[in-house]
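**Student:** Dropping in model_23.pdb, which is PDB, C-alpha atoms:
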```pdb
ATOM      1  CA  MET A   1      28.698   3.954   9.146
ATOM      2  CA  PRO A   2      27.877   2.840   5.580
ATOM      3  CA  HIS A   3      24.393   1.522   4.970
ATOM      4  CA  GLY A   4      22.715  -0.917   2.601
ATOM      5  CA  LEU A   5      19.279  -0.851   1.017
ATOM      6  CA  ASP A   6      16.534  -1.631   3.528
ATOM      7  CA  HIS A   7      13.293  -0.788   1.777
ATOM      8  CA  ILE A   8      11.559   1.364  -0.788
ATOM      9  CA  VAL A   9       8.158   2.918  -0.092
ATOM     10  CA  HIS A  10       5.708   2.607  -2.996
ATOM     11  CA  ALA A  11       2.906   5.051  -2.213
ATOM     12  CA  VAL A  12      -0.430   4.177  -3.839
ATOM     13  CA  ARG A  13      -4.050   5.246  -3.524
ATOM     14  CA  ASP A  14      -5.495   1.704  -3.466
ATOM     15  CA  LEU A  15      -3.401  -0.725  -1.437
ATOM     16  CA  ASP A  16      -5.299  -3.866  -2.319
ATOM     17  CA  ALA A  17      -5.305  -3.094  -6.056
ATOM     18  CA  ALA A  18      -1.558  -2.388  -5.996
ATOM     19  CA  GLY A  19      -0.950  -5.521  -3.930
ATOM     20  CA  GLU A  20      -2.897  -7.525  -6.500
ATOM     21  CA  PHE A  21      -0.755  -6.005  -9.253
ATOM     22  CA  TYR A  22       2.435  -7.150  -7.491
ATOM     23  CA  ARG A  23       0.901 -10.601  -7.012
ATOM     24  CA  ARG A  24       0.067 -10.799 -10.724
ATOM     25  CA  ALA A  25       3.647  -9.728 -11.464
ATOM     26  CA  GLY A  26       4.820 -12.889  -9.705
ATOM     27  CA  PHE A  27       5.612 -11.638  -6.206
ATOM     28  CA  ILE A  28       4.497 -12.934  -2.818
ATOM     29  CA  VAL A  29       2.612 -10.057  -1.189
ATOM     30  CA  GLY A  30       2.089  -9.922   2.568
ATOM     31  CA  ALA A  31      -1.151  -9.212   4.383
ATOM     32  CA  ARG A  32      -2.347  -5.707   5.228
ATOM     33  CA  ASN A  33      -0.577  -4.100   8.201
ATOM     34  CA  ARG A  34      -1.764  -0.992  10.023
ATOM     35  CA  HIS A  35       0.215   1.895  11.499
ATOM     36  CA  SER A  36      -1.189   3.886  14.388
ATOM     37  CA  TRP A  37      -0.711   7.147  12.436
ATOM     38  CA  GLY A  38      -3.093   6.202   9.623
ATOM     39  CA  THR A  39      -1.040   4.465   6.921
ATOM     40  CA  HIS A  40      -1.459   0.814   5.981
ATOM     41  CA  ASN A  41       1.040  -1.317   4.096
ATOM     42  CA  ARG A  42       1.719  -4.639   2.421
ATOM     43  CA  ILE A  43       5.215  -6.047   2.046
ATOM     44  CA  VAL A  44       7.104  -7.677  -0.829
ATOM     45  CA  GLN A  45      10.184  -9.193   0.785
ATOM     46  CA  PHE A  46      13.610 -10.286  -0.434
ATOM     47  CA  LYS A  47      16.624 -11.599   1.471
ATOM     48  CA  ASP A  48      17.767  -8.219   2.784
ATOM     49  CA  CYS A  49      15.477  -5.614   1.223
ATOM     50  CA  PHE A  50      11.751  -5.134   0.739
ATOM     51  CA  VAL A  51       9.152  -3.040  -1.043
ATOM     52  CA  GLU A  52       6.623  -1.375   1.246
ATOM     53  CA  ILE A  53       3.399  -0.801  -0.688
ATOM     54  CA  LEU A  54       1.756   2.013   1.279
ATOM     55  CA  GLU A  55      -1.677   3.635   1.386
ATOM     56  CA  VAL A  56      -2.965   6.525   3.481
ATOM     57  CA  ALA A  57      -5.980   4.539   4.667
ATOM     58  CA  GLU A  58      -7.050   6.609   7.685
ATOM     59  CA  PRO A  59      -6.260  10.247   6.830
ATOM     60  CA  GLU A  60      -7.981  11.513   9.946
ATOM     61  CA  LYS A  61      -5.156   9.988  12.019
ATOM     62  CA  ILE A  62      -2.343  11.719  10.130
ATOM     63  CA  ALA A  63      -0.386  14.101  12.359
ATOM     64  CA  PRO A  64       1.296  17.174  10.850
ATOM     65  CA  HIS A  65       5.014  17.827  10.830
ATOM     66  CA  ALA A  66       5.790  19.669  14.050
ATOM     67  CA  GLY A  67       9.067  20.962  15.431
ATOM     68  CA  ARG A  68      11.554  18.097  15.378
ATOM     69  CA  SER A  69       8.858  15.545  14.535
ATOM     70  CA  PHE A  70       8.858  14.329  10.924
ATOM     71  CA  SER A  71       5.416  12.951  10.024
ATOM     72  CA  PHE A  72       5.805   9.831   7.877
ATOM     73  CA  GLY A  73       2.065   9.859   7.249
ATOM     74  CA  ALA A  74       1.882  13.517   6.267
ATOM     75  CA  PHE A  75       4.801  13.196   3.862
ATOM     76  CA  ASN A  76       3.181  10.306   1.996
ATOM     77  CA  ARG A  77      -0.260  11.928   2.059
ATOM     78  CA  ASP A  78       1.204  15.029   0.421
ATOM     79  CA  PHE A  79       3.130  12.894  -2.091
ATOM     80  CA  LEU A  80      -0.080  11.154  -3.139
ATOM     81  CA  ARG A  81      -1.920  14.397  -3.847
ATOM     82  CA  ASP A  82      -0.126  14.709  -7.166
ATOM     83  CA  ARG A  83       1.218  11.268  -8.013
ATOM     84  CA  GLN A  84       1.703   7.601  -7.169
ATOM     85  CA  GLY A  85       5.069   5.892  -7.156
ATOM     86  CA  PHE A  86       8.202   5.490  -5.085
ATOM     87  CA  SER A  87       8.039   8.117  -2.359
ATOM     88  CA  MET A  88      10.892   7.178   0.000
ATOM     89  CA  LEU A  89      14.290   5.477  -0.053
ATOM     90  CA  ILE A  90      15.158   3.850   3.267
ATOM     91  CA  LEU A  91      18.545   2.362   4.093
ATOM     92  CA  SER A  92      19.479  -0.083   6.856
ATOM     93  CA  SER A  93      20.936   1.032  10.173
ATOM     94  CA  ARG A  94      22.816  -0.760  12.934
ATOM     95  CA  ASP A  95      22.678   2.247  15.288
ATOM     96  CA  VAL A  96      19.878   4.611  14.395
ATOM     97  CA  ALA A  97      20.645   7.081  17.198
ATOM     98  CA  ALA A  98      24.208   7.507  15.946
ATOM     99  CA  ASP A  99      22.949   7.856  12.381
ATOM    100  CA  GLY A 100      20.503  10.533  13.468
ATOM    101  CA  ARG A 101      23.318  12.488  15.082
ATOM    102  CA  TRP A 102      25.414  12.097  11.921
ATOM    103  CA  PHE A 103      22.565  13.375   9.737
ATOM    104  CA  GLU A 104      22.133  16.410  11.983
ATOM    105  CA  ALA A 105      25.860  17.152  12.062
ATOM    106  CA  SER A 106      25.918  16.855   8.267
ATOM    107  CA  GLY A 107      23.090  19.359   7.915
ATOM    108  CA  ILE A 108      20.599  16.958   6.332
ATOM    109  CA  SER A 109      18.220  16.484   9.264
ATOM    110  CA  ASN A 110      16.717  18.229  12.261
ATOM    111  CA  SER A 111      14.222  15.485  13.158
ATOM    112  CA  ASP A 112      14.065  13.172  16.150
ATOM    113  CA  VAL A 113      14.202   9.390  15.744
ATOM    114  CA  LEU A 114      10.823   7.692  15.279
ATOM    115  CA  ASP A 115      10.280   4.479  17.260
ATOM    116  CA  PHE A 116       7.303   2.208  16.604
ATOM    117  CA  ALA A 117       6.192  -1.384  16.910
ATOM    118  CA  ARG A 118       3.474  -3.582  15.473
ATOM    119  CA  GLU A 119       2.414  -7.207  15.412
ATOM    120  CA  GLY A 120       3.487  -9.311  12.460
ATOM    121  CA  LYS A 121       2.638 -12.843  11.397
ATOM    122  CA  LYS A 122       4.821 -15.724  10.295
ATOM    123  CA  PRO A 123       3.738 -17.649   7.169
ATOM    124  CA  ASP A 124       1.820 -20.107   9.382
ATOM    125  CA  GLY A 125      -0.089 -17.250  11.042
ATOM    126  CA  THR A 126       1.889 -17.217  14.298
ATOM    127  CA  PRO A 127       1.954 -13.657  15.698
ATOM    128  CA  VAL A 128       5.368 -12.097  16.311
ATOM    129  CA  LYS A 129       6.584  -8.746  17.634
ATOM    130  CA  LEU A 130       8.163  -6.286  15.229
ATOM    131  CA  ALA A 131       9.797  -3.000  16.200
ATOM    132  CA  PHE A 132      11.607  -0.363  14.165
ATOM    133  CA  SER A 133      13.418   2.942  14.641
ATOM    134  CA  LEU A 134      13.825   5.462  11.824
ATOM    135  CA  ALA A 135      16.068   8.492  11.447
ATOM    136  CA  PHE A 136      14.989  10.815   8.649
ATOM    137  CA  ALA A 137      17.054  12.902   6.269
ATOM    138  CA  ALA A 138      16.163  15.477   3.639
ATOM    139  CA  ASP A 139      17.728  16.791   0.461
ATOM    140  CA  PRO A 140      16.562  20.445   0.473
ATOM    141  CA  ILE A 141      16.419  20.567  -3.310
ATOM    142  CA  SER A 142      14.401  17.329  -3.577
ATOM    143  CA  PRO A 143      11.229  18.034  -1.565
ATOM    144  CA  ASN A 144       9.214  15.258  -3.231
ATOM    145  CA  LEU A 145      11.444  12.380  -2.157
ATOM    146  CA  GLY A 146      11.867  11.182   1.419
ATOM    147  CA  PHE A 147      14.948   9.562   2.942
ATOM    148  CA  ALA A 148      15.548   7.619   6.146
ATOM    149  CA  VAL A 149      17.516   4.816   7.742
ATOM    150  CA  CYS A 150      15.773   2.012   9.612
ATOM    151  CA  GLN A 151      16.967  -0.208  12.449
ATOM    152  CA  GLN A 152      15.001  -3.399  12.995
ATOM    153  CA  HIS A 153      14.960  -4.548  16.617
ATOM    154  CA  PHE A 154      13.586  -8.052  15.982
ATOM    155  CA  PRO A 155      14.935  -8.877  12.515
ATOM    156  CA  GLU A 156      14.584 -12.614  13.162
ATOM    157  CA  ASN A 157      10.813 -12.071  13.320
ATOM    158  CA  PHE A 158      10.666 -10.087  10.076
ATOM    159  CA  TRP A 159      12.872 -11.763   7.479
ATOM    160  CA  ASP A 160      11.553 -15.156   6.382
ATOM    161  CA  PRO A 161      12.559 -17.252   3.336
ATOM    162  CA  ALA A 162       8.949 -18.389   2.977
ATOM    163  CA  PHE A 163       8.031 -14.835   1.915
ATOM    164  CA  GLN A 164      10.931 -14.615  -0.563
ATOM    165  CA  ASN A 165      10.231 -17.475  -3.001
ATOM    166  CA  HIS A 166       8.664 -15.411  -5.783
ATOM    167  CA  ALA A 167       7.052 -17.056  -8.815
ATOM    168  CA  ASN A 168       8.837 -14.672 -11.190
ATOM    169  CA  GLY A 169      12.230 -15.824  -9.898
ATOM    170  CA  ALA A 170      13.236 -12.495  -8.372
ATOM    171  CA  THR A 171      15.812 -13.074  -5.652
ATOM    172  CA  ARG A 172      17.165  -9.662  -4.655
ATOM    173  CA  VAL A 173      17.124  -5.924  -5.288
ATOM    174  CA  PRO A 174      20.500  -5.008  -6.824
ATOM    175  CA  GLY A 175      19.658  -1.334  -7.023
ATOM    176  CA  VAL A 176      17.331   1.612  -7.424
ATOM    177  CA  VAL A 177      17.408   4.380 -10.005
ATOM    178  CA  MET A 178      16.697   8.045  -9.356
ATOM    179  CA  VAL A 179      16.392  10.777 -11.961
ATOM    180  CA  ALA A 180      17.561  14.397 -11.756
ATOM    181  CA  ASP A 181      18.344  17.071 -14.319
ATOM    182  CA  ASN A 182      21.738  17.577 -12.684
ATOM    183  CA  PRO A 183      22.769  14.437 -10.761
ATOM    184  CA  THR A 184      25.959  16.029  -9.425
ATOM    185  CA  ASP A 185      23.857  18.617  -7.557
ATOM    186  CA  HIS A 186      22.993  15.802  -5.133
ATOM    187  CA  HIS A 187      26.499  14.409  -4.692
ATOM    188  CA  ILE A 188      27.116  15.987  -1.276
ATOM    189  CA  PHE A 189      23.730  14.922   0.093
ATOM    190  CA  LEU A 190      24.175  11.359  -1.119
ATOM    191  CA  LYS A 191      27.594  11.056   0.528
ATOM    192  CA  ALA A 192      26.186  12.213   3.862
ATOM    193  CA  PHE A 193      23.064  10.047   3.609
ATOM    194  CA  THR A 194      24.816   6.807   2.640
ATOM    195  CA  ALA A 195      28.068   7.413   4.577
ATOM    196  CA  VAL A 196      29.878   6.186   1.453
ATOM    197  CA  SER A 197      32.695   8.551   0.529
ATOM    198  CA  ASP A 198      33.694   6.938  -2.777
ATOM    199  CA  LEU A 199      30.923   7.852  -5.209
ATOM    200  CA  HIS A 200      31.308   7.001  -8.888
ATOM    201  CA  SER A 201      30.549   9.872 -11.246
ATOM    202  CA  SER A 202      30.188   9.606 -15.016
ATOM    203  CA  SER A 203      28.823  11.614 -17.910
ATOM    204  CA  ILE A 204      25.297  10.316 -17.228
ATOM    205  CA  GLY A 205      25.098  10.435 -13.452
ATOM    206  CA  VAL A 206      26.279   9.334 -10.032
ATOM    207  CA  ARG A 207      26.374   5.852  -8.506
ATOM    208  CA  VAL A 208      26.759   4.741  -4.892
ATOM    209  CA  ARG A 209      27.628   1.112  -4.202
ATOM    210  CA  THR A 210      26.139   0.130  -0.845
ATOM    211  CA  GLU A 211      26.756  -3.164   0.897
ATOM    212  CA  ASN A 212      23.757  -4.805  -0.791
ATOM    213  CA  GLY A 213      22.783  -2.689  -3.797
ATOM    214  CA  ASP A 214      23.442   0.388  -5.908
ATOM    215  CA  ILE A 215      21.843   3.804  -5.740
ATOM    216  CA  GLU A 216      22.015   5.603  -9.068
ATOM    217  CA  ILE A 217      21.074   9.136 -10.047
ATOM    218  CA  VAL A 218      20.894   9.617 -13.794
ATOM    219  CA  GLU A 219      19.772  12.296 -16.205
ATOM    220  CA  PRO A 220      16.319  11.820 -17.806
ATOM    221  CA  VAL A 221      17.772  11.031 -21.229
ATOM    222  CA  ALA A 222      20.089   8.393 -19.727
ATOM    223  CA  PHE A 223      17.141   6.749 -17.972
ATOM    224  CA  ARG A 224      15.263   6.613 -21.281
ATOM    225  CA  ASP A 225      18.261   5.158 -23.099
ATOM    226  CA  GLN A 226      18.890   2.468 -20.480
ATOM    227  CA  TYR A 227      15.314   1.380 -19.812
ATOM    228  CA  GLY A 228      13.266   2.552 -22.798
ATOM    229  CA  ILE A 229      10.954   4.654 -20.623
ATOM    230  CA  ALA A 230      10.710   8.427 -20.620
ATOM    231  CA  PRO A 231      10.825   9.073 -16.853
ATOM    232  CA  GLU A 232       7.963  10.773 -15.117
ATOM    233  CA  VAL A 233       9.636  13.708 -13.406
ATOM    234  CA  SER A 234       7.597  16.248 -11.492
ATOM    235  CA  GLY A 235       8.738  19.026  -9.213
ATOM    236  CA  ASP A 236      12.286  19.866  -8.257
ATOM    237  CA  GLY A 237      15.318  17.738  -7.541
ATOM    238  CA  MET A 238      15.545  13.954  -7.518
ATOM    239  CA  THR A 239      12.709  11.521  -8.085
ATOM    240  CA  LEU A 240      12.911   7.791  -7.339
ATOM    241  CA  ASN A 241      11.740   6.232 -10.579
ATOM    242  CA  ALA A 242      12.761   2.586 -10.738
ATOM    243  CA  ILE A 243      13.655  -0.508  -8.769
ATOM    244  CA  ARG A 244      15.786  -3.293 -10.221
ATOM    245  CA  PHE A 245      14.981  -6.947  -9.480
ATOM    246  CA  GLU A 246      17.556  -9.662 -10.098
ATOM    247  CA  VAL A 247      16.218 -12.872 -11.624
ATOM    248  CA  ALA A 248      17.986 -16.082 -12.568
ATOM    249  CA  ASP A 249      16.002 -16.473 -15.785
ATOM    250  CA  ILE A 250      14.530 -13.592 -17.795
ATOM    251  CA  GLY A 251      12.339 -16.066 -19.662
ATOM    252  CA  ARG A 252      10.758 -17.265 -16.414
ATOM    253  CA  ALA A 253      10.082 -13.692 -15.337
ATOM    254  CA  LYS A 254       8.538 -12.848 -18.707
ATOM    255  CA  ALA A 255       6.326 -15.937 -18.560
ATOM    256  CA  ALA A 256       5.115 -15.046 -15.059
ATOM    257  CA  LEU A 257       4.216 -11.534 -16.174
ATOM    258  CA  ARG A 258       2.593 -12.627 -19.422
ATOM    259  CA  ALA A 259       0.532 -15.327 -17.688
ATOM    260  CA  ASN A 260      -1.180 -12.618 -15.678
ATOM    261  CA  GLY A 261      -1.622 -10.088 -18.456
ATOM    262  CA  ILE A 262       1.205  -7.715 -17.521
ATOM    263  CA  ALA A 263       2.982  -6.325 -20.561
ATOM    264  CA  ALA A 264       6.721  -5.878 -20.106
ATOM    265  CA  GLU A 265       9.006  -4.505 -22.787
ATOM    266  CA  ARG A 266      12.370  -6.122 -23.520
ATOM    267  CA  HIS A 267      15.079  -3.458 -23.580
ATOM    268  CA  VAL A 268      18.850  -4.000 -23.628
ATOM    269  CA  GLY A 269      18.487  -7.471 -22.123
ATOM    270  CA  ARG A 270      16.067  -6.361 -19.400
ATOM    271  CA  LEU A 271      12.320  -6.618 -18.875
ATOM    272  CA  VAL A 272      10.729  -3.281 -18.036
ATOM    273  CA  VAL A 273       7.232  -2.753 -16.631
ATOM    274  CA  PRO A 274       6.249   0.892 -17.213
ATOM    275  CA  PRO A 275       4.795   3.284 -14.640
ATOM    276  CA  ASP A 276       1.358   3.445 -16.263
ATOM    277  CA  LEU A 277       0.936  -0.218 -15.285
ATOM    278  CA  ALA A 278       2.945  -0.240 -12.045
ATOM    279  CA  TYR A 279       1.175   2.523 -10.128
ATOM    280  CA  GLY A 280       3.638   5.252 -11.041
ATOM    281  CA  ALA A 281       6.766   3.094 -10.650
ATOM    282  CA  THR A 282       9.076   1.421 -13.160
ATOM    283  CA  LEU A 283       9.937  -2.217 -12.408
ATOM    284  CA  ILE A 284      13.074  -3.619 -14.014
ATOM    285  CA  PHE A 285      13.895  -7.337 -14.198
ATOM    286  CA  GLU A 286      17.473  -8.291 -15.074
ATOM    287  CA  THR A 287      19.907 -11.163 -14.680
ATOM    288  CA  ALA A 288      23.001 -10.927 -12.487
ATOM    289  CA  LYS A 289      25.870  -8.973 -13.985
TER     290      LYS A 289
END
```
Go through the file and emit its structure as structure tokens.

**Tutor:**
Amino acid sequence: MPHGLDHIVHAVRDLDAAGEFYRRAGFIVGARNRHSWGTHNRIVQFKDCFVEILEVAEPEKIAPHAGRSFSFGAFNRDFLRDRQGFSMLILSSRDVAADGRWFEASGISNSDVLDFAREGKKPDGTPVKLAFSLAFAADPISPNLGFAVCQQHFPENFWDPAFQNHANGATRVPGVVMVADNPTDHHIFLKAFTAVSDLHSSSIGVRVRTENGDIEIVEPVAFRDQYGIAPEVSGDGMTLNAIRFEVADIGRAKAALRANGIAAERHVGRLVVPPDLAYGATLIFETAK
């Protein structure tokens, strides 16, 4: 079944420093959470999508990939050897077991579903149970970018408006932007991964409209023209370079960034925070279209 954006993993080497950067950029940043396999995270939440700032904090706990077991920790550890930035694109799932079977039938996965749970906290500190299941997918020609779908089993305990009232005015994530030398090379994978059959192709790339945001793959020169940033592309295949945040008022967003010493460039009506400031990622602030 078609999916929407669920979350984007931003892999960093210093979780608290990156969390402080997001706070200075005007976002509410959650407390540190710990995974049993050695990664820690902090969350920046929106109504139906979030950014997972992730650090490999306990490398001795990282298990290797083995058989049908995809190691989330090992993938992000290996990603961080050469770079920081957006390491994984994760979509929402209503039936992760069915999605896993679909991925396998489509030839984009041979991994079992990962189930895990952890304790979370409401804004007032009340502990709550959180549980997730992930089915992973892989684009063989994009080894440096991970893909999965995620089913939340206690969504009422996770999503909370109190975590979504950001000082910069960001209200939602209308899309993410990937870069590839030949976007159409990834057309078949993207159809299988998103379960959206009607992809929009143009001279600069490919776009998928999900139920709550767009996934774009564009050529490097198109990324530079649209956002004023020469994309950092390393290795083969697609890289996930940018996330778009929708704000009601660009001026408010600019003021929030400037007040905390974060330089954002104005480009074609957008505010763009470059990857040398944003831990390898490009952050784009724009008004609703």

**Student:** Which residue is closest to Ala11 (chain A)? Choose from A:Asn182, A:Ile284, A:Ala278, A:Ser69 and count only C-alpha atoms.

**Tutor:**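 Result for the nearest residue to Ala11 (chain A): A:Ala278.
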
**Student:** Using all atoms listed in the file, which of A:Val196, A:Val179, A:Asp276, A:His187 sits nearest Ile217 (chain A)?

**Tutor:**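 The closest residue to Ile217 (chain A) is A:Val179.
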
**Student:** Using all atoms listed in the file, collect all residues at a distance of at most 9 Å from (4.0, 0.8, 1.5) as written in the file, then present them as a list in words.

**Tutor:**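 Residues with an atom at most 9 Å from (4.0, 0.8, 1.5): Ile8, Val9, His10, Ala11, Val12, Leu15, Thr39, His40, Asn41, Arg42, Ile43, Val51, Glu52, Ile53, Leu54 and Glu55 of chain A.
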
**Student:** Taking the file as shown, what set of residues would the PyMOL selection byres ((chain A and resi 30) around 9) give back, as a CSV table (one decimal) with C-alpha atoms, in the coordinates of the input?

**Tutor:**
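Output file out-v6.csv is given in full below:
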```
chain,number,residue,atom,x,y,z
A,19,GLY,CA,-1.0,-5.5,-3.9
A,28,ILE,CA,4.5,-12.9,-2.8
A,29,VAL,CA,2.6,-10.1,-1.2
A,31,ALA,CA,-1.2,-9.2,4.4
A,32,ARG,CA,-2.3,-5.7,5.2
A,33,ASN,CA,-0.6,-4.1,8.2
A,41,ASN,CA,1.0,-1.3,4.1
A,42,ARG,CA,1.7,-4.6,2.4
A,43,ILE,CA,5.2,-6.0,2.0
A,44,VAL,CA,7.1,-7.7,-0.8
A,45,GLN,CA,10.2,-9.2,0.8
A,163,PHE,CA,8.0,-14.8,1.9
```

**Student:** Nearest residue to Leu80 (chain A) out of A:Asp14, A:Asp6, A:Asp99, A:Asp124, using only C-alpha atoms?

**Tutor:**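 Under the stated criterion, the closest residue is A:Asp14.
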
**Student:** Name the residues that the PyMOL selection byres ((chain A and resi 206) around 7) pulls out of this structure, and write them as JSON, numbers by chain.

**Tutor:** {"A": [183, 184, 199, 200, 201, 202, 205, 207, 208, 216, 217, 218]}

**Student:** Kindly give the distance, in Å, that separates CA of Trp102 (chain A) and CA of His35 (chain A), rounded to a single decimal.

**Tutor:**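 Atom-to-atom, CA of Trp102 (chain A) and CA of His35 (chain A) are spaced 27.2 Å apart.
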
**Student:** So which residues touch Pro275 (chain A) within 12 Å, counting only C-alpha atoms, skipping near sequence neighbours fewer than 5 positions away, as a ChimeraX atom specification?

**Tutor:** /A:10,83-86,227-233,240-243,262-264,280-284

**Student:** Looking at all atoms listed in the file, which of A:Gly100, A:Gly67, A:Gly73, A:Gly146 is the one that sits closest to Arg34 (chain A)?

**Tutor:** A:Gly73

**Student:** Smallest atom-to-atom distance to Pro143 (chain A): which of A:Asp78, A:Glu286, A:Asp48, A:Asp16, using all atoms listed in the file?

**Tutor:** A:Asp78

**Student:** Please check which residues have atoms at most 9 Å from (17.2, 22.1, -4.4) in the file's coordinates, counting all atoms listed in the file, and write them as an MDAnalysis selection string.

**Tutor:** chainID A and resid 139:143 185:186 236:238

**Student:** Convert the current residue selection to file output with C-alpha atoms, as a short mmCIF file (atom, residue, chain, number, x, y, z; two decimals), in the coordinates of the input.

**Tutor:**
```cif
data_model
loop_
_atom_site.label_atom_id
_atom_site.label_comp_id
_atom_site.auth_asym_id
_atom_site.auth_seq_id
_atom_site.Cartn_x
_atom_site.Cartn_y
_atom_site.Cartn_z
CA ASP A 139 17.73 16.79 0.46
CA PRO A 140 16.56 20.44 0.47
CA ILE A 141 16.42 20.57 -3.31
CA SER A 142 14.40 17.33 -3.58
CA PRO A 143 11.23 18.03 -1.56
CA ASP A 185 23.86 18.62 -7.56
CA HIS A 186 22.99 15.80 -5.13
CA ASP A 236 12.29 19.87 -8.26
CA GLY A 237 15.32 17.74 -7.54
CA MET A 238 15.54 13.95 -7.52
#
```
